[in-house]
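To be precise, the following lines are entry_30.pdb, and they hold PDB, C-alpha atoms.
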```
MODEL        1
ATOM      1  CA  MET A1240      70.332 102.705 303.341
ATOM      2  CA  ARG A1241      71.679 103.137 299.780
ATOM      3  CA  LEU A1242      72.011 106.795 298.779
ATOM      4  CA  PRO A1243      72.907 108.611 295.516
ATOM      5  CA  ALA A1244      76.668 108.844 295.139
ATOM      6  CA  ASN A1245      76.767 112.618 295.576
ATOM      7  CA  LYS A1246      74.726 112.493 298.813
ATOM      8  CA  ARG A1247      76.156 109.338 300.318
ATOM      9  CA  THR A1248      77.461 109.692 303.865
ATOM     10  CA  PRO A1249      79.857 107.154 305.354
ATOM     11  CA  VAL A1250      78.054 104.179 306.885
ATOM     12  CA  THR A1251      79.878 102.899 309.945
ATOM     13  CA  LEU A1252      79.997  99.278 310.969
ATOM     14  CA  THR A1253      77.874 100.115 314.023
ATOM     15  CA  ASP A1254      75.264 101.788 311.817
ATOM     16  CA  PHE A1255      75.111  98.717 309.641
ATOM     17  CA  TYR A1256      74.986  96.307 312.599
ATOM     18  CA  ASP A1257      72.099  98.222 314.187
ATOM     19  CA  GLU A1258      70.057  97.823 311.006
ATOM     20  CA  PHE A1259      70.994  94.317 309.902
ATOM     21  CA  HIS A1260      72.060  92.251 312.929
ATOM     22  CA  SER A1261      68.598  90.650 313.018
ATOM     23  CA  VAL A1262      69.223  89.302 309.506
ATOM     24  CA  VAL A1263      72.420  87.651 310.741
ATOM     25  CA  ALA A1264      70.574  86.117 313.699
ATOM     26  CA  GLU A1265      67.850  84.683 311.454
ATOM     27  CA  GLU A1266      70.426  82.663 309.544
ATOM     28  CA  LEU A1267      71.755  80.928 312.652
ATOM     29  CA  VAL A1268      70.497  77.524 313.749
ATOM     30  CA  SER A1269      72.348  77.129 317.047
ATOM     31  CA  ASN A1270      73.548  78.910 320.158
ATOM     32  CA  ALA A1271      75.819  81.005 317.933
ATOM     33  CA  VAL A1272      73.293  83.841 318.446
ATOM     34  CA  ALA A1273      74.528  84.364 322.004
ATOM     35  CA  ALA A1274      78.178  83.914 320.984
ATOM     36  CA  TYR A1275      77.831  86.488 318.203
ATOM     37  CA  SER A1276      76.157  88.945 320.564
ATOM     38  CA  ARG A1277      79.096  88.687 322.965
ATOM     39  CA  ALA A1278      81.548  88.911 320.080
ATOM     40  CA  TRP A1279      79.992  92.172 318.918
ATOM     41  CA  ARG A1280      79.758  93.714 322.374
ATOM     42  CA  LEU A1281      83.207  92.735 323.637
ATOM     43  CA  ARG A1282      85.395  92.666 320.520
ATOM     44  CA  VAL A1283      84.072  93.832 317.153
ATOM     45  CA  GLU A1284      82.216  96.984 318.168
ATOM     46  CA  PRO A1285      84.928  98.428 320.483
ATOM     47  CA  SER A1286      87.685  97.922 317.898
ATOM     48  CA  LEU A1287      85.934  98.485 314.569
ATOM     49  CA  GLY A1288      82.416  99.785 315.137
ATOM     50  CA  GLY A1289      83.226 103.452 314.569
ATOM     51  CA  LEU A1290      84.911 102.911 311.202
ATOM     52  CA  ALA A1291      83.166 103.452 307.881
ATOM     53  CA  LEU A1292      82.542 100.224 305.992
ATOM     54  CA  ASP A1293      84.918 101.227 303.184
ATOM     55  CA  ARG A1294      87.698 101.731 305.753
ATOM     56  CA  LEU A1295      87.590  98.102 306.856
ATOM     57  CA  THR A1296      90.582  96.733 304.985
ATOM     58  CA  PRO A1297      92.114  93.283 305.566
ATOM     59  CA  LEU A1298      95.060  94.883 307.380
ATOM     60  CA  THR A1299      92.782  96.935 309.647
ATOM     61  CA  ILE A1300      90.760  93.847 310.532
ATOM     62  CA  SER A1301      93.921  91.789 311.125
ATOM     63  CA  ARG A1302      95.226  94.412 313.526
ATOM     64  CA  ALA A1303      91.910  94.416 315.394
ATOM     65  CA  ARG A1304      91.900  90.619 315.565
ATOM     66  CA  ALA A1305      95.350  90.674 317.129
ATOM     67  CA  SER A1306      94.044  92.985 319.874
ATOM     68  CA  TRP A1307      91.026  90.846 320.772
ATOM     69  CA  SER A1308      91.126  88.958 324.043
ATOM     70  CA  GLY A1309      90.034  85.366 324.465
ATOM     71  CA  SER A1310      90.764  81.958 322.992
ATOM     72  CA  ALA A1311      91.264  81.148 319.322
ATOM     73  CA  SER A1312      87.666  79.938 319.046
ATOM     74  CA  THR A1313      86.380  83.125 320.701
ATOM     75  CA  LYS A1314      88.262  85.266 318.208
ATOM     76  CA  GLN A1315      86.956  83.084 315.392
ATOM     77  CA  ASP A1316      83.380  83.770 316.536
ATOM     78  CA  ALA A1317      84.055  87.499 316.316
ATOM     79  CA  LEU A1318      85.614  87.179 312.874
ATOM     80  CA  ALA A1319      82.724  85.012 311.652
ATOM     81  CA  LEU A1320      80.214  87.641 312.790
ATOM     82  CA  LEU A1321      82.180  90.394 311.061
ATOM     83  CA  SER A1322      82.388  88.376 307.850
ATOM     84  CA  ARG A1323      78.624  87.777 307.871
ATOM     85  CA  LEU A1324      77.962  91.485 308.329
ATOM     86  CA  LEU A1325      80.338  92.513 305.562
ATOM     87  CA  GLY A1326      78.869  89.884 303.269
ATOM     88  CA  LEU A1327      75.495  91.572 303.734
ATOM     89  CA  ALA A1328      77.139  94.952 303.061
ATOM     90  CA  VAL A1329      78.350  93.593 299.706
ATOM     91  CA  MET A1330      74.804  92.471 298.921
ATOM     92  CA  GLU A1331      73.548  95.955 299.819
ATOM     93  CA  GLY A1332      76.063  97.544 297.444
ATOM     94  CA  LEU A1333      77.870  99.473 300.176
ATOM     95  CA  ILE A1334      81.252  97.819 299.547
ATOM     96  CA  LEU A1335      82.621  95.960 296.546
ATOM     97  CA  ALA A1336      84.071  92.911 298.327
ATOM     98  CA  ASN A1337      84.192  91.315 301.766
ATOM     99  CA  PRO A1338      87.662  92.121 303.191
ATOM    100  CA  CYS A1339      87.448  89.181 305.614
ATOM    101  CA  LYS A1340      87.822  86.846 302.630
ATOM    102  CA  SER A1341      91.351  88.171 302.083
ATOM    103  CA  LEU A1342      92.590  87.562 305.610
ATOM    104  CA  ARG A1343      95.393  85.110 306.205
ATOM    105  CA  ALA A1344      94.301  82.142 308.287
ATOM    106  CA  SER A1345      95.232  82.395 311.942
ATOM    107  CA  ARG A1346      98.172  80.191 312.896
ATOM    108  CA  GLY A1347      97.074  79.870 316.501
ATOM    109  CA  LYS A1348      97.078  76.260 317.658
ATOM    110  CA  ALA A1349      93.690  74.859 318.579
ATOM    111  CA  HIS A1350      93.524  73.795 322.241
ATOM    112  CA  ASP A1351      91.920  70.480 321.333
ATOM    113  CA  ALA A1352      94.215  69.589 318.431
ATOM    114  CA  ASP A1353      94.692  66.208 320.148
ATOM    115  CA  PRO A1354      91.386  65.531 321.947
ATOM    116  CA  VAL A1355      92.404  61.889 322.469
ATOM    117  CA  SER A1356      95.041  63.080 324.942
ATOM    118  CA  ARG A1357      92.244  64.534 327.096
ATOM    119  CA  ALA A1358      90.079  61.403 327.102
ATOM    120  CA  LEU A1359      89.582  59.686 330.451
ATOM    121  CA  SER A1360      90.357  56.026 331.025
ATOM    122  CA  ASP A1361      87.692  53.643 332.328
ATOM    123  CA  VAL A1362      89.312  53.855 335.773
ATOM    124  CA  GLN A1363      89.153  57.654 335.725
ATOM    125  CA  VAL A1364      85.480  57.635 334.668
ATOM    126  CA  ALA A1365      84.700  55.263 337.564
ATOM    127  CA  ARG A1366      86.601  57.535 339.954
ATOM    128  CA  MET A1367      84.641  60.561 338.731
ATOM    129  CA  LEU A1368      81.306  58.868 339.330
ATOM    130  CA  THR A1369      82.390  57.719 342.795
ATOM    131  CA  LEU A1370      83.467  61.239 343.767
ATOM    132  CA  ALA A1371      80.112  62.663 342.607
ATOM    133  CA  ASP A1372      77.890  60.067 344.316
ATOM    134  CA  PHE A1373      76.819  62.553 347.017
ATOM    135  CA  HIS A1374      74.647  64.267 344.354
ATOM    136  CA  PRO A1375      72.737  61.545 342.429
ATOM    137  CA  PHE A1376      71.248  63.914 339.839
ATOM    138  CA  GLY A1377      74.591  65.527 339.036
ATOM    139  CA  GLN A1378      76.316  62.147 339.091
ATOM    140  CA  ARG A1379      73.764  60.799 336.613
ATOM    141  CA  SER A1380      74.396  63.699 334.240
ATOM    142  CA  LEU A1381      78.152  63.079 334.374
ATOM    143  CA  ALA A1382      77.499  59.436 333.506
ATOM    144  CA  GLY A1383      75.246  60.543 330.663
ATOM    145  CA  LEU A1384      77.984  62.747 329.223
ATOM    146  CA  ALA A1385      80.626  60.012 329.490
ATOM    147  CA  PHE A1386      78.451  57.230 328.023
ATOM    148  CA  THR A1387      76.719  59.136 325.193
ATOM    149  CA  GLY A1388      79.262  61.714 324.008
ATOM    150  CA  LEU A1389      76.497  64.320 323.876
ATOM    151  CA  ARG A1390      77.155  67.966 324.496
ATOM    152  CA  LEU A1391      75.709  69.108 327.832
ATOM    153  CA  GLY A1392      72.904  71.096 326.177
ATOM    154  CA  GLU A1393      71.949  68.065 324.085
ATOM    155  CA  LEU A1394      71.989  65.767 327.110
ATOM    156  CA  VAL A1395      69.687  67.917 329.247
ATOM    157  CA  GLY A1396      67.411  68.427 326.227
ATOM    158  CA  LEU A1397      66.581  64.702 326.032
ATOM    159  CA  ARG A1398      62.970  63.725 326.714
ATOM    160  CA  TRP A1399      61.704  60.198 327.292
ATOM    161  CA  GLU A1400      60.184  60.035 323.829
ATOM    162  CA  ASP A1401      63.762  60.368 322.511
ATOM    163  CA  ILE A1402      64.761  57.081 324.187
ATOM    164  CA  ASP A1403      64.063  53.879 322.251
ATOM    165  CA  ALA A1404      65.132  51.152 324.653
ATOM    166  CA  GLU A1405      63.933  48.380 322.333
ATOM    167  CA  GLN A1406      66.220  49.451 319.491
ATOM    168  CA  GLY A1407      68.885  50.747 321.851
ATOM    169  CA  LEU A1408      68.918  54.243 320.355
ATOM    170  CA  ILE A1409      68.758  57.836 321.536
ATOM    171  CA  THR A1410      67.446  60.424 319.082
ATOM    172  CA  VAL A1411      69.075  63.830 319.542
ATOM    173  CA  ARG A1412      66.606  66.477 318.375
ATOM    174  CA  ARG A1413      67.335  69.611 320.399
ATOM    175  CA  THR A1414      69.711  71.389 322.734
ATOM    176  CA  TYR A1415      69.390  73.779 325.638
ATOM    177  CA  SER A1416      71.493  76.864 324.951
ATOM    178  CA  PRO A1417      72.057  80.143 326.819
ATOM    179  CA  ASN A1418      70.237  83.073 325.241
ATOM    180  CA  GLY A1419      72.709  85.726 326.379
ATOM    181  CA  SER A1420      70.500  86.791 329.301
ATOM    182  CA  GLY A1421      71.376  83.970 331.659
ATOM    183  CA  LYS A1422      68.441  81.753 330.629
ATOM    184  CA  LEU A1423      68.432  78.455 328.756
ATOM    185  CA  GLU A1424      66.342  78.122 325.621
ATOM    186  CA  ILE A1425      65.460  75.064 323.544
ATOM    187  CA  ARG A1426      67.070  75.266 320.108
ATOM    188  CA  PRO A1427      68.070  72.933 317.279
ATOM    189  CA  THR A1428      71.290  70.971 317.698
ATOM    190  CA  LYS A1429      74.586  72.619 316.839
ATOM    191  CA  SER A1430      74.571  71.136 313.335
ATOM    192  CA  GLY A1431      70.844  71.740 312.897
ATOM    193  CA  HIS A1432      70.349  68.018 312.179
ATOM    194  CA  ILE A1433      68.634  65.207 314.085
ATOM    195  CA  ARG A1434      70.903  62.226 314.767
ATOM    196  CA  SER A1435      70.940  58.873 316.562
ATOM    197  CA  VAL A1436      73.285  57.779 319.352
ATOM    198  CA  PRO A1437      73.595  54.181 320.622
ATOM    199  CA  ILE A1438      72.554  53.235 324.152
ATOM    200  CA  LEU A1439      75.601  51.430 325.544
ATOM    201  CA  ASN A1440      75.174  48.893 328.323
ATOM    202  CA  GLU A1441      76.925  51.187 330.807
ATOM    203  CA  LEU A1442      74.164  53.760 330.349
ATOM    204  CA  LEU A1443      71.215  51.441 331.101
ATOM    205  CA  PRO A1444      71.279  51.612 334.941
ATOM    206  CA  TRP A1445      71.496  55.393 334.797
ATOM    207  CA  LEU A1446      68.455  55.549 332.524
ATOM    208  CA  GLU A1447      66.547  53.299 334.935
ATOM    209  CA  GLN A1448      67.387  55.629 337.834
ATOM    210  CA  ALA A1449      66.359  58.665 335.800
ATOM    211  CA  GLN A1450      63.009  57.090 334.964
ATOM    212  CA  GLU A1451      62.296  56.642 338.677
ATOM    213  CA  ALA A1452      62.678  60.408 339.160
ATOM    214  CA  GLY A1453      59.469  60.897 337.165
ATOM    215  CA  PHE A1454      60.380  63.998 335.142
ATOM    216  CA  ASP A1455      59.624  64.623 331.452
ATOM    217  CA  HIS A1456      63.306  65.167 330.703
ATOM    218  CA  VAL A1457      65.802  62.360 331.213
ATOM    219  CA  PHE A1458      68.792  64.161 332.774
ATOM    220  CA  THR A1459      67.678  66.870 335.167
ATOM    221  CA  GLY A1460      68.411  68.671 338.376
ATOM    222  CA  VAL A1461      66.683  67.753 341.634
ATOM    223  CA  ARG A1462      63.556  69.744 340.717
ATOM    224  CA  GLY A1463      63.397  68.610 337.116
ATOM    225  CA  GLY A1464      65.066  71.637 335.536
ATOM    226  CA  PRO A1465      67.982  71.494 333.091
ATOM    227  CA  PHE A1466      71.598  71.710 334.138
ATOM    228  CA  ASP A1467      73.921  74.221 332.538
ATOM    229  CA  SER A1468      77.683  74.096 333.039
ATOM    230  CA  GLY A1469      77.487  76.483 335.988
ATOM    231  CA  ASN A1470      74.887  74.769 338.130
ATOM    232  CA  LEU A1471      76.169  71.283 337.266
ATOM    233  CA  SER A1472      79.640  72.393 338.366
ATOM    234  CA  ARG A1473      78.236  73.634 341.677
ATOM    235  CA  ALA A1474      76.103  70.530 342.182
ATOM    236  CA  VAL A1475      78.978  68.056 341.889
ATOM    237  CA  LYS A1476      81.621  70.425 343.361
ATOM    238  CA  TRP A1477      83.544  70.149 340.093
ATOM    239  CA  PRO A1478      86.396  72.545 341.000
ATOM    240  CA  GLN A1479      87.109  70.407 344.086
ATOM    241  CA  ILE A1480      86.902  66.937 342.531
ATOM    242  CA  ARG A1481      88.302  67.296 339.013
ATOM    243  CA  GLU A1482      91.961  67.271 340.070
ATOM    244  CA  GLN A1483      91.284  63.935 341.796
ATOM    245  CA  ILE A1484      89.966  62.539 338.517
ATOM    246  CA  ALA A1485      92.655  63.520 335.993
ATOM    247  CA  THR A1486      95.361  66.062 335.253
ATOM    248  CA  PHE A1487      96.770  66.814 331.821
ATOM    249  CA  SER A1488     100.222  67.701 330.554
ATOM    250  CA  ASP A1489      98.878  70.797 328.792
ATOM    251  CA  GLY A1490      98.073  72.316 332.195
ATOM    252  CA  ARG A1491      94.376  72.781 331.441
ATOM    253  CA  GLU A1492      91.879  71.448 333.948
ATOM    254  CA  LEU A1493      89.363  68.696 333.238
ATOM    255  CA  ARG A1494      86.190  70.041 331.602
ATOM    256  CA  PHE A1495      82.748  68.559 331.014
ATOM    257  CA  HIS A1496      83.518  68.626 327.276
ATOM    258  CA  ASP A1497      86.363  66.173 327.879
ATOM    259  CA  LEU A1498      83.709  63.552 328.629
ATOM    260  CA  ARG A1499      82.633  63.891 324.989
ATOM    261  CA  HIS A1500      86.274  63.334 323.988
ATOM    262  CA  THR A1501      86.238  60.259 326.229
ATOM    263  CA  PHE A1502      83.232  58.695 324.511
ATOM    264  CA  LEU A1503      84.392  59.400 320.960
ATOM    265  CA  THR A1504      87.884  58.103 321.730
ATOM    266  CA  ARG A1505      86.343  54.853 322.992
ATOM    267  CA  LEU A1506      84.412  54.508 319.736
ATOM    268  CA  ALA A1507      87.586  55.051 317.703
ATOM    269  CA  ARG A1508      89.679  52.607 319.753
ATOM    270  CA  ALA A1509      86.956  49.970 319.385
ATOM    271  CA  GLY A1510      87.514  50.084 315.615
ATOM    272  CA  ASN A1511      84.389  51.967 314.523
ATOM    273  CA  SER A1512      84.717  53.665 311.134
ATOM    274  CA  PRO A1513      85.291  57.439 310.977
ATOM    275  CA  GLN A1514      82.047  57.791 308.991
ATOM    276  CA  ASN A1515      79.980  56.084 311.705
ATOM    277  CA  ILE A1516      81.678  58.068 314.464
ATOM    278  CA  GLN A1517      81.017  61.294 312.538
ATOM    279  CA  ARG A1518      77.292  60.553 312.330
ATOM    280  CA  VAL A1519      77.039  59.592 316.001
ATOM    281  CA  ALA A1520      78.999  62.670 317.101
ATOM    282  CA  GLY A1521      77.151  65.074 314.827
ATOM    283  CA  HIS A1522      80.366  66.485 313.375
ATOM    284  CA  ALA A1523      79.849  68.712 310.353
ATOM    285  CA  SER A1524      83.236  67.709 308.948
ATOM    286  CA  ILE A1525      85.011  64.350 308.816
ATOM    287  CA  THR A1526      88.222  66.274 309.558
ATOM    288  CA  THR A1527      87.014  66.817 313.128
ATOM    289  CA  THR A1528      86.216  63.126 313.513
ATOM    290  CA  GLU A1529      89.664  62.137 312.252
ATOM    291  CA  LEU A1530      91.194  63.817 315.302
ATOM    292  CA  TYR A1531      89.868  60.818 317.248
ATOM    293  CA  THR A1532      90.766  58.134 314.727
ATOM    294  CA  ARG A1533      94.397  59.219 314.420
ATOM    295  CA  SER A1534      96.769  57.892 317.043
ATOM    296  CA  SER A1535      97.541  60.264 319.876
ATOM    297  CA  SER A1536     101.207  60.923 320.640
ATOM    298  CA  THR A1537     100.928  58.604 323.661
ATOM    299  CA  ASP A1538      99.345  55.801 321.638
ATOM    300  CA  ALA A1539     101.982  56.210 318.950
ATOM    301  CA  ALA A1540     104.849  56.072 321.451
ATOM    302  CA  LEU A1541     103.471  52.919 323.090
ATOM    303  CA  ALA A1542     102.951  51.249 319.703
ATOM    304  CA  VAL A1543     106.537  52.057 318.670
ATOM    305  CA  ARG A1544     107.859  50.671 321.950
ATOM    306  CA  GLU A1545     105.975  47.402 321.439
ATOM    307  CA  LYS A1546     107.344  47.146 317.908
ATOM    308  CA  MET A1547     110.923  47.990 318.809
ATOM    309  CA  ASN A1548     111.490  46.112 322.067
ATOM    310  CA  PRO A1549     111.498  42.591 320.501
ATOM    311  CA  SER A1550     114.021  43.657 317.851
ATOM    312  CA  ASN A1551     116.452  44.945 320.503
ATOM    313  CA  ARG A1552     116.611  41.858 322.700
ATOM    314  CA  GLU A1553     120.194  41.130 321.627
ATOM    315  CA  VAL A1554     121.271  44.472 323.118
ATOM    316  CA  THR A1555     121.774  43.397 326.712
ATOM    317  CA  PHE A1556     122.465  45.493 329.762
ATOM    318  CA  ARG A1557     125.954  44.020 329.932
ATOM    319  CA  GLY A1558     126.633  44.980 326.340
ATOM    320  CA  GLY A1559     125.397  48.488 326.915
ATOM    321  CA  GLU A1560     127.472  48.788 330.038
ATOM    322  CA  ASN A1561     130.628  47.617 328.242
ATOM    323  CA  ALA A1562     130.040  50.086 325.435
ATOM    324  CA  ALA A1563     129.655  52.911 327.927
ATOM    325  CA  ASN A1564     132.936  51.910 329.680
ATOM    326  CA  LEU A1565     134.806  51.836 326.353
ATOM    327  CA  ARG A1566     133.634  55.385 325.619
ATOM    328  CA  ILE A1567     134.859  56.538 329.019
ATOM    329  CA  LEU A1568     138.258  54.899 328.413
ATOM    330  CA  GLY A1569     138.510  56.516 325.007
ATOM    331  CA  HIS A1570     138.394  53.299 322.980
ATOM    332  CA  LEU A1571     135.286  54.304 321.049
TER
ENDMDL
END
```
The structure in this file should be written as structure tokens.
Amino acid sequence: MRLPANKRTPVTLTDFYDEFHSVVAEELVSNAVAAYSRAWRLRVEPSLGGLALDRLTPLTISRARASWSGSASTKQDALALLSRLLGLAVMEGLILANPCKSLRASRGKAHDADPVSRALSDVQVARMLTLADFHPFGQRSLAGLAFTGLRLGELVGLRWEDIDAEQGLITVRRTYSPNGSGKLEIRPTKSGHIRSVPILNELLPWLEQAQEAGFDHVFTGVRGGPFDSGNLSRAVKWPQIREQIATFSDGRELRFHDLRHTFLTRLARAGNSPQNIQRVAGHASITTTELYTRSSSTDAALAVREKMNPSNREVTFRGGENAANLRILGHL
């Protein structure tokens, strides 16, 4: 694609994507392939595709980012794709520097900045499983999510050879991820690494039930196929039952991913170290894990109340009432 300077024609972002998007895809080890494909089709190409590479300045990209629809993480996927493409353009000698590297970080607040606040209590988990008991296969998958902390794709990717009942360990080797065409494909885990997850006692009866089903995979649908978020939602009538399980102050409805928050919050509250929780969760960064090990605002408020109430015992209701009356009478 490199031409002599006097014959060089402007190379647009779309031109470059058409030639090199396969290189970007080869570098990915997770379901980011499908996310990047959507990001290009719905956001990057419509806003920036027609521009020459040397016209893609930090300000131009910032303005495009502001126009993109979707959540903060969705926009970040689009920006990550663009940065990968422009990094390749630097390698090809078409531009001098990657303008994405000069962008100011987005100040948008992450939806799960306090994932502990979206964790279910033991009572709420029990209620969820009771409400889903009309569909044993879907119910079992909900239990698997709540008692392993696995992502849904990781859970339905488990095979019986991944279960070591003697040691009490699950080995997470793969995930089922959408390929962008409505089909699930087996891929490496999100981090690209194999990890171990403990088998808690609560999970044992669900594993025994799953073994009786006789399928190669542990958590399946009625016919042995994998659940995705759509067909699991339909199986357990999720839109109808989730409001009976929990509601949250942020106004967002209960999601399957909140069952992962539930498991990791339990690990943190039981006193497990951030390093151990990170390895079990498969977090790439300890910063993500620390969201669970820090006190939530609710936990902090309750802890402060317990600390402060004993020190205020001398402030009686009568004393408070007298003080209020003195203010009314103008003596204070």
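Pairwise distance (CA of Arg1518 (chain A), CA of Leu1389 (chain A)) equals 12.2 Å.
In this comparison, which uses only C-alpha atoms, the residue of A:Phe1495, A:Phe1376, A:Phe1487, A:Trp1477 approaching Asp1353 (chain A) most closely is A:Phe1487.
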Point (67.3, 75.7, 324.7), cut-off 7 Å, counting all atoms listed in the file, residues as a compact mmCIF listing (two decimals) with C-alpha atoms, in the coordinates of the input:
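File produced: part-v2.txt:
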```
# COMPACT_ATOMS: atom_id res chain seq x y z
CA THR A 1414 69.71 71.39 322.73
CA TYR A 1415 69.39 73.78 325.64
CA SER A 1416 71.49 76.86 324.95
CA PRO A 1417 72.06 80.14 326.82
CA LEU A 1423 68.43 78.46 328.76
CA GLU A 1424 66.34 78.12 325.62
CA ILE A 1425 65.46 75.06 323.54
CA ARG A 1426 67.07 75.27 320.11
```
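With distances taken over all atoms listed in the file, A:His1456 is the one residue among A:Gly1388, A:Thr1501, A:His1456, A:Met1367 lying closest to Glu1400 (chain A).
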Interatomic distance (Å, one decimal) between CA of Glu1441 (chain A) and CA of Gly1469 (chain A): 25.8 Å
Residue neighbourhood Phe1502 (chain A), 7 Å, only C-alpha atoms, exclusion window fewer than 3 positions, as a PDB file with C-alpha atoms, in the coordinates of the input:
```
ATOM      1  CA  ALA A1385      80.626  60.012 329.490  1.00  0.00           C
ATOM      2  CA  PHE A1386      78.451  57.230 328.023  1.00  0.00           C
ATOM      3  CA  THR A1387      76.719  59.136 325.193  1.00  0.00           C
ATOM      4  CA  GLY A1388      79.262  61.714 324.008  1.00  0.00           C
ATOM      5  CA  LEU A1498      83.709  63.552 328.629  1.00  0.00           C
ATOM      6  CA  ARG A1499      82.633  63.891 324.989  1.00  0.00           C
ATOM      7  CA  ARG A1505      86.343  54.853 322.992  1.00  0.00           C
ATOM      8  CA  LEU A1506      84.412  54.508 319.736  1.00  0.00           C
TER       9      LEU A1506
END
```
Hits of the PyMOL selection byres ((chain A and resi 1275) around 9) in this structure, as a list of chain:residue names: A:Ala1264, A:Asn1270, A:Ala1271, A:Val1272, A:Ala1273, A:Ala1274, A:Ser1276, A:Arg1277, A:Ala1278, A:Trp1279, A:Arg1280, A:Asp1316, A:Ala1317, A:Ala1319, A:Leu1320
Minimum-distance residue to Glu1447 (chain A), chosen among A:Ile1409, A:Ala1404, A:Ile1516, A:Ile1484 (using all atoms listed in the file): A:Ala1404
Ser1301 (chain A) environment, 12 Å, all atoms listed in the file, sequence neighbours closer than 2 positions dropped, as a list in words: Val1283, Ser1286, Leu1287, Leu1295, Thr1296, Pro1297, Leu1298, Thr1299, Ala1303, Arg1304, Ala1305, Ser1306, Trp1307, Lys1314, Gln1315, Ala1317, Leu1318, Leu1321, Pro1338, Cys1339, Lys1340, Ser1341, Leu1342, Arg1343, Ala1344 and Ser1345 of chain A
Resolved residues for the PyMOL selection byres ((chain A and resi 1252) around 9) as number ranges by chain: A: 1250-1251, 1253-1257, 1284, 1287-1292, 1295, 1324-1325
Picked residues, the PyMOL selection byres ((chain A and resi 1528) around 9), expected as a PyMOL selection string: chain A and resi 1503+1513-1514+1516-1517+1520+1522+1524-1527+1529-1532
Once you have the residues from the selection above, write them out as a PDB file, in the frame of the given file, restricted to C-alpha atoms.
```
ATOM      1  CA  LEU A1503      84.392  59.400 320.960  1.00  0.00           C
ATOM      2  CA  PRO A1513      85.291  57.439 310.977  1.00  0.00           C
ATOM      3  CA  GLN A1514      82.047  57.791 308.991  1.00  0.00           C
ATOM      4  CA  ILE A1516      81.678  58.068 314.464  1.00  0.00           C
ATOM      5  CA  GLN A1517      81.017  61.294 312.538  1.00  0.00           C
ATOM      6  CA  ALA A1520      78.999  62.670 317.101  1.00  0.00           C
ATOM      7  CA  HIS A1522      80.366  66.485 313.375  1.00  0.00           C
ATOM      8  CA  SER A1524      83.236  67.709 308.948  1.00  0.00           C
ATOM      9  CA  ILE A1525      85.011  64.350 308.816  1.00  0.00           C
ATOM     10  CA  THR A1526      88.222  66.274 309.558  1.00  0.00           C
ATOM     11  CA  THR A1527      87.014  66.817 313.128  1.00  0.00           C
ATOM     12  CA  GLU A1529      89.664  62.137 312.252  1.00  0.00           C
ATOM     13  CA  LEU A1530      91.194  63.817 315.302  1.00  0.00           C
ATOM     14  CA  TYR A1531      89.868  60.818 317.248  1.00  0.00           C
ATOM     15  CA  THR A1532      90.766  58.134 314.727  1.00  0.00           C
TER      16      THR A1532
END
```
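Closest to Trp1445 (chain A) among A:Gln1378, A:Glu1393, A:Arg1398, A:Ala1485 is A:Gln1378, based on only C-alpha atoms.
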Straight-line distance linking CA of Asp1293 (chain A) with CA of Ser1312 (chain A), stated in Å to one decimal: 26.7 Å
Local residues around (66.0, 63.4, 335.1), at most 12 Å away, using only C-alpha atoms, as a PyMOL selection string: chain A and resi 1375-1380+1383+1394-1399+1445-1466
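Take the candidates A:Leu1359, A:Val1519, A:Leu1384, A:Leu1493 and check each one against Ile1433 (chain A) using all atoms listed in the file; the shortest distance goes to A:Val1519.
You can rank A:Thr1248, A:Ala1539, A:Leu1391, A:Ser1310 by their closest distance to Leu1471 (chain A) using all atoms listed in the file, and at the top of that list sits A:Leu1391.
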